[in-house]
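Notes for the one structure printed next.
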Amino acid sequence: MQILIAMAQVLPIMGLWIAACLTGRSAFLVGIPPLVAFWLWQGA
């Protein structure tokens, strides 16, 4: 069950990361801080 929850959390992030790479580096840089904050929030 934990694996499914982890996958559900990782897949959207990977999708955003891929989309950011496709749309350009500026979008990727803008997207990093929210992702880091999200990971920290998930780990808290």
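Ordering of the structure tokens sets the chain letters (A, B, ...), residue numbers begin anew at 1 in every chain, and ligands are numbered from 1 in the order given.
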request  = Compile the contact shell of A:Leu35 as a PyMOL selection string: residues with an atom at most 12 Å away, counting only C-alpha atoms, same-chain residues fewer than 2 positions apart removed.
outcome  = chain A and resi 9-10+12-17+20+28-33+37-42
If you keep C-alpha atoms, can you produce a file of those selected residues as a short mmCIF file (atom, residue, chain, number, x, y, z; two decimals), in the first residue's frame?
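See again_39.cif below for the written result:
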data_model
loop_
_atom_site.label_atom_id
_atom_site.label_comp_id
_atom_site.auth_asym_id
_atom_site.auth_seq_id
_atom_site.Cartn_x
_atom_site.Cartn_y
_atom_site.Cartn_z
CA GLN A 9 3.04 11.05 -5.34
CA VAL A 10 6.00 10.54 -7.69
CA PRO A 12 2.66 13.68 -11.10
CA ILE A 13 6.05 15.15 -10.13
CA MET A 14 7.77 13.23 -12.94
CA GLY A 15 5.08 14.43 -15.35
CA LEU A 16 5.64 18.03 -14.29
CA TRP A 17 9.41 17.59 -14.60
CA ALA A 20 9.02 21.54 -17.74
CA PHE A 28 11.85 24.20 -15.12
CA LEU A 29 13.63 26.70 -12.86
CA VAL A 30 10.31 28.25 -11.88
CA GLY A 31 8.95 24.80 -11.04
CA ILE A 32 11.82 23.68 -8.79
CA PRO A 33 10.98 25.63 -5.58
CA ALA A 37 8.61 22.62 -0.84
CA PHE A 38 6.18 19.81 -1.69
CA TRP A 39 8.80 17.12 -1.00
CA LEU A 40 9.73 18.75 2.32
CA TRP A 41 6.05 18.99 3.25
CA GLN A 42 5.49 15.33 2.38
#
